[in-house]
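For reference, the structure is listed below as structure tokens.
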Amino acid sequence: MIICAPNVLTAEELGAIRNELRGASFVDGASTAGWSAREVKKNLQVAINTESYAKLQDIVSTAFLRSAMLQMATLPAATTQVLFNRYDVGMTYGPHVDAPVMGGVGSAVRSDIAITVFLSDPKTYDGGDLVVDANGMECGFKLDAGSAIAYPANSLHHVSPVTQGARYAAVIWVQSQIRDAGKRELLWDLDNAKRQIFSREGKSATFDAVSKSHANLLRMWADV
């Protein structure tokens, strides 16, 4: 399941992030890649354990927790740190699958879902599409600044080369309460259905039946 969420960041948050990025220290992005992905990861990342990074992470983490759509789609149990990437002209991230477990002992997170938050206006750079292999079909995404995409972290994906301008993005990985992607999609569909029923009928018998099924399936499957 791939979900695109608009306006995850407000205009004020985007402005604060861009101001912070101008003075941030960047390091080789390959430093956080696995041994094979390191061969195809050609980008820069904001250095962790800096004042700029702490401010940036706080903004994006707060926005993620505030987004009802992302919370519904991912049902988060834990998240990784946020990474802030910059792709200048010629930079790219070749085909790869994200590491299945991230973090160290005591802070390990199973990467069920990857989320990319676009920070650059798509008109300011060429190339740099996020391309996700969805059941053998490649789908490219280049969203508005402040929008986010959530997609399965076990999918093969890549970022196409930037040919003009600079592409900035934030990336965060989520360990879901629901490990199975098919079950997450079913719960997503049921949650949307009960909201649509409520908007038409209010708290009707149909709404109560769908709401009960949604709640009890979540109770049955949640790993918390």
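Naming works like this for the structure tokens: A, B, ... for the chains as they're shown, residue 1 at the start of each chain, ligands 1 onward in shown order.
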
Which polymer residues have any atom within 10 Å of an atom of Ala150 of chain A, counting only C-alpha atoms, with same-chain residues fewer than 5 positions away left out, as a PyMOL selection string?
chain A and resi 1-5+70+73-74+113-117+171-174

Taking a cut-off of 10 Å and counting only C-alpha atoms, can you build a table that, for each residue of segment 14-45 of chain A near segment 84-95 of chain A, reports the nearest atom pair and how far apart they are in Å (one decimal), sorted by chain then residue number, as a Markdown table?
| residue | atom | partner | partner_atom | distance |
| --- | --- | --- | --- | --- |
| A:Leu21 | CA | A:Phe84 | CA | 9.0 |
| A:Phe26 | CA | A:Arg86 | CA | 8.4 |
| A:Val27 | CA | A:Asn85 | CA | 9.6 |
| A:Asp28 | CA | A:Asn85 | CA | 9.7 |
| A:Gly29 | CA | A:Asn85 | CA | 7.4 |
| A:Ala30 | CA | A:Tyr93 | CA | 9.6 |
| A:Ala37 | CA | A:Gly94 | CA | 7.8 |
| A:Arg38 | CA | A:Tyr93 | CA | 9.1 |
| A:Glu39 | CA | A:Gly94 | CA | 8.4 |
| A:Val40 | CA | A:Gly94 | CA | 4.8 |
| A:Lys41 | CA | A:Tyr93 | CA | 4.4 |
| A:Lys42 | CA | A:Thr92 | CA | 5.2 |
| A:Asn43 | CA | A:Tyr87 | CA | 5.2 |
| A:Leu44 | CA | A:Arg86 | CA | 5.1 |
| A:Gln45 | CA | A:Asn85 | CA | 4.5 |

Kindly save the residues from that selection, with N, CA, C and O atoms included, as an mmCIF file, in the first residue's frame.
data_model
loop_
_atom_site.group_PDB
_atom_site.id
_atom_site.type_symbol
_atom_site.label_atom_id
_atom_site.label_comp_id
_atom_site.auth_asym_id
_atom_site.auth_seq_id
_atom_site.Cartn_x
_atom_site.Cartn_y
_atom_site.Cartn_z
ATOM 1 N N LEU A 21 18.273 24.372 7.128
ATOM 2 C CA LEU A 21 19.086 23.607 6.188
ATOM 3 C C LEU A 21 20.194 24.458 5.568
ATOM 4 O O LEU A 21 21.261 23.941 5.219
ATOM 5 N N PHE A 26 26.531 19.033 6.419
ATOM 6 C CA PHE A 26 26.172 17.827 5.684
ATOM 7 C C PHE A 26 27.372 16.875 5.614
ATOM 8 O O PHE A 26 28.523 17.311 5.543
ATOM 9 N N VAL A 27 27.056 15.580 5.633
ATOM 10 C CA VAL A 27 28.073 14.539 5.515
ATOM 11 C C VAL A 27 27.667 13.583 4.399
ATOM 12 O O VAL A 27 26.542 13.640 3.881
ATOM 13 N N ASP A 28 28.568 12.690 4.033
ATOM 14 C CA ASP A 28 28.296 11.696 2.997
ATOM 15 C C ASP A 28 27.145 10.794 3.429
ATOM 16 O O ASP A 28 27.200 10.152 4.481
ATOM 17 N N GLY A 29 26.094 10.725 2.606
ATOM 18 C CA GLY A 29 24.934 9.908 2.945
ATOM 19 C C GLY A 29 25.223 8.427 3.012
ATOM 20 O O GLY A 29 24.496 7.675 3.666
ATOM 21 N N ALA A 30 26.276 7.987 2.351
ATOM 22 C CA ALA A 30 26.608 6.558 2.358
ATOM 23 C C ALA A 30 26.970 6.061 3.748
ATOM 24 O O ALA A 30 26.965 4.854 4.001
ATOM 25 N N ALA A 37 23.971 -1.200 -0.276
ATOM 26 C CA ALA A 37 23.333 0.070 -0.660
ATOM 27 C C ALA A 37 24.358 1.197 -0.726
ATOM 28 O O ALA A 37 24.191 2.165 -1.473
ATOM 29 N N ARG A 38 25.436 1.059 0.057
ATOM 30 C CA ARG A 38 26.470 2.087 0.063
ATOM 31 C C ARG A 38 27.073 2.291 -1.328
ATOM 32 O O ARG A 38 27.534 3.371 -1.665
ATOM 33 N N GLU A 39 27.037 1.229 -2.133
ATOM 34 C CA GLU A 39 27.601 1.306 -3.485
ATOM 35 C C GLU A 39 26.787 2.193 -4.409
ATOM 36 O O GLU A 39 27.304 2.688 -5.412
ATOM 37 N N VAL A 40 25.493 2.386 -4.112
ATOM 38 C CA VAL A 40 24.621 3.133 -5.026
ATOM 39 C C VAL A 40 24.048 4.399 -4.398
ATOM 40 O O VAL A 40 23.268 5.107 -5.024
ATOM 41 N N LYS A 41 24.406 4.690 -3.153
ATOM 42 C CA LYS A 41 23.876 5.861 -2.461
ATOM 43 C C LYS A 41 24.832 7.035 -2.640
ATOM 44 O O LYS A 41 25.923 7.060 -2.074
ATOM 45 N N LYS A 42 24.416 7.998 -3.428
ATOM 46 C CA LYS A 42 25.234 9.171 -3.728
ATOM 47 C C LYS A 42 24.445 10.429 -3.354
ATOM 48 O O LYS A 42 23.801 11.055 -4.192
ATOM 49 N N ASN A 43 24.452 10.766 -2.085
ATOM 50 C CA ASN A 43 23.778 11.980 -1.628
ATOM 51 C C ASN A 43 24.463 12.514 -0.379
ATOM 52 O O ASN A 43 25.477 11.975 0.068
ATOM 53 N N LEU A 44 23.904 13.553 0.179
ATOM 54 C CA LEU A 44 24.426 14.146 1.407
ATOM 55 C C LEU A 44 23.338 14.112 2.466
ATOM 56 O O LEU A 44 22.138 14.107 2.153
ATOM 57 N N GLN A 45 23.743 14.092 3.744
ATOM 58 C CA GLN A 45 22.791 14.076 4.863
ATOM 59 C C GLN A 45 23.223 15.071 5.922
ATOM 60 O O GLN A 45 24.424 15.288 6.131
#

For Gly103 of chain A, please output as a count of residues only all residues within 10 Å (counting only C-alpha atoms; exclusion window: fewer than 3 positions along the same chain).
8

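Residue nearest Ile178 of chain A, chosen from A:Arg195, A:Arg219, A:Arg66, A:Arg18 and counting only C-alpha atoms: A:Arg219.
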
Using only C-alpha atoms, which residues sit within 12 Å of Ala11 of chain A once same-chain residues fewer than 5 positions away are excluded, as a PDB file with all heavy atoms, in the first residue's frame?
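Below you can see result_28.pdb, which holds the result:
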ATOM      1  N   ALA A  16      10.847  27.249   8.330  1.00  0.00           N
ATOM      2  CA  ALA A  16      11.818  27.026   9.406  1.00  0.00           C
ATOM      3  C   ALA A  16      12.829  25.951   9.009  1.00  0.00           C
ATOM      4  O   ALA A  16      14.030  26.069   9.288  1.00  0.00           O
ATOM      5  CB  ALA A  16      11.091  26.630  10.685  1.00  0.00           C
ATOM      6  N   ILE A  17      12.356  24.886   8.343  1.00  0.00           N
ATOM      7  CA  ILE A  17      13.253  23.816   7.912  1.00  0.00           C
ATOM      8  C   ILE A  17      14.246  24.333   6.876  1.00  0.00           C
ATOM      9  O   ILE A  17      15.451  24.061   6.956  1.00  0.00           O
ATOM     10  CB  ILE A  17      12.432  22.639   7.341  1.00  0.00           C
ATOM     11  CG1 ILE A  17      11.735  21.888   8.479  1.00  0.00           C
ATOM     12  CG2 ILE A  17      13.327  21.685   6.541  1.00  0.00           C
ATOM     13  CD1 ILE A  17      10.771  20.820   8.007  1.00  0.00           C
ATOM     14  N   ARG A  18      13.761  25.090   5.926  1.00  0.00           N
ATOM     15  CA  ARG A  18      14.651  25.586   4.874  1.00  0.00           C
ATOM     16  C   ARG A  18      15.697  26.544   5.443  1.00  0.00           C
ATOM     17  O   ARG A  18      16.863  26.519   5.032  1.00  0.00           O
ATOM     18  CB  ARG A  18      13.821  26.263   3.788  1.00  0.00           C
ATOM     19  CG  ARG A  18      13.039  25.269   2.938  1.00  0.00           C
ATOM     20  CD  ARG A  18      12.009  25.928   2.071  1.00  0.00           C
ATOM     21  NE  ARG A  18      11.335  24.963   1.202  1.00  0.00           N
ATOM     22  CZ  ARG A  18      10.243  25.243   0.515  1.00  0.00           C
ATOM     23  NH1 ARG A  18       9.690  26.449   0.585  1.00  0.00           N
ATOM     24  NH2 ARG A  18       9.692  24.323  -0.257  1.00  0.00           N
ATOM     25  N   ALA A  63       5.237  16.848  13.121  1.00  0.00           N
ATOM     26  CA  ALA A  63       4.300  16.845  11.994  1.00  0.00           C
ATOM     27  C   ALA A  63       3.801  15.438  11.688  1.00  0.00           C
ATOM     28  O   ALA A  63       2.614  15.237  11.390  1.00  0.00           O
ATOM     29  CB  ALA A  63       4.975  17.448  10.767  1.00  0.00           C
ATOM     30  N   LEU A 119      10.744  18.270   0.786  1.00  0.00           N
ATOM     31  CA  LEU A 119      11.024  19.590   1.353  1.00  0.00           C
ATOM     32  C   LEU A 119      11.269  20.659   0.290  1.00  0.00           C
ATOM     33  O   LEU A 119      11.269  21.844   0.607  1.00  0.00           O
ATOM     34  CB  LEU A 119      12.238  19.511   2.281  1.00  0.00           C
ATOM     35  CG  LEU A 119      12.148  18.491   3.423  1.00  0.00           C
ATOM     36  CD1 LEU A 119      13.442  18.455   4.212  1.00  0.00           C
ATOM     37  CD2 LEU A 119      10.963  18.805   4.342  1.00  0.00           C
ATOM     38  N   SER A 120      11.493  20.241  -0.958  1.00  0.00           N
ATOM     39  CA  SER A 120      11.783  21.183  -2.040  1.00  0.00           C
ATOM     40  C   SER A 120      10.574  21.330  -2.955  1.00  0.00           C
ATOM     41  O   SER A 120       9.883  20.341  -3.253  1.00  0.00           O
ATOM     42  CB  SER A 120      12.973  20.710  -2.876  1.00  0.00           C
ATOM     43  OG  SER A 120      14.139  20.586  -2.097  1.00  0.00           O
ATOM     44  N   ASP A 121      10.334  22.534  -3.429  1.00  0.00           N
ATOM     45  CA  ASP A 121       9.323  22.764  -4.455  1.00  0.00           C
ATOM     46  C   ASP A 121       9.739  21.988  -5.697  1.00  0.00           C
ATOM     47  O   ASP A 121      10.874  22.139  -6.175  1.00  0.00           O
ATOM     48  CB  ASP A 121       9.243  24.264  -4.755  1.00  0.00           C
ATOM     49  CG  ASP A 121       8.136  24.616  -5.732  1.00  0.00           C
ATOM     50  OD1 ASP A 121       7.816  23.793  -6.617  1.00  0.00           O
ATOM     51  OD2 ASP A 121       7.598  25.741  -5.634  1.00  0.00           O
ATOM     52  N   ASP A 144       4.576  17.763  -3.913  1.00  0.00           N
ATOM     53  CA  ASP A 144       4.737  19.152  -3.490  1.00  0.00           C
ATOM     54  C   ASP A 144       5.505  19.218  -2.175  1.00  0.00           C
ATOM     55  O   ASP A 144       5.448  18.295  -1.355  1.00  0.00           O
ATOM     56  CB  ASP A 144       3.372  19.814  -3.305  1.00  0.00           C
ATOM     57  CG  ASP A 144       2.637  20.016  -4.616  1.00  0.00           C
ATOM     58  OD1 ASP A 144       3.299  20.062  -5.674  1.00  0.00           O
ATOM     59  OD2 ASP A 144       1.392  20.131  -4.586  1.00  0.00           O
ATOM     60  N   ALA A 145       6.194  20.323  -1.970  1.00  0.00           N
ATOM     61  CA  ALA A 145       6.913  20.528  -0.711  1.00  0.00           C
ATOM     62  C   ALA A 145       5.934  20.466   0.457  1.00  0.00           C
ATOM     63  O   ALA A 145       4.849  21.053   0.413  1.00  0.00           O
ATOM     64  CB  ALA A 145       7.619  21.870  -0.726  1.00  0.00           C
ATOM     65  N   GLY A 146       6.304  19.721   1.483  1.00  0.00           N
ATOM     66  CA  GLY A 146       5.448  19.553   2.648  1.00  0.00           C
ATOM     67  C   GLY A 146       4.576  18.323   2.602  1.00  0.00           C
ATOM     68  O   GLY A 146       3.984  17.937   3.617  1.00  0.00           O
ATOM     69  N   SER A 147       4.492  17.674   1.438  1.00  0.00           N
ATOM     70  CA  SER A 147       3.718  16.438   1.304  1.00  0.00           C
ATOM     71  C   SER A 147       4.607  15.235   1.583  1.00  0.00           C
ATOM     72  O   SER A 147       5.834  15.317   1.491  1.00  0.00           O
ATOM     73  CB  SER A 147       3.114  16.333  -0.101  1.00  0.00           C
ATOM     74  OG  SER A 147       2.211  17.396  -0.335  1.00  0.00           O
TER      75      SER A 147
END

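The coordinates place atom CA of Tyr151 of chain A at 14.1 Å from atom CA of Ala170 of chain A.
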
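Each of A:Trp35, A:Trp188, A:Trp221, A:Phe198 was checked against Met69 of chain A using only C-alpha atoms; the smallest atom-to-atom distance is that of A:Trp188.
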
So which residues of segment 10-126 of chain A fall under helix (DSSP H, G or I) by DSSP, listed as a ChimeraX atom specification?
/A:11-22,29-32,37-39,51-66,68-74,122-124
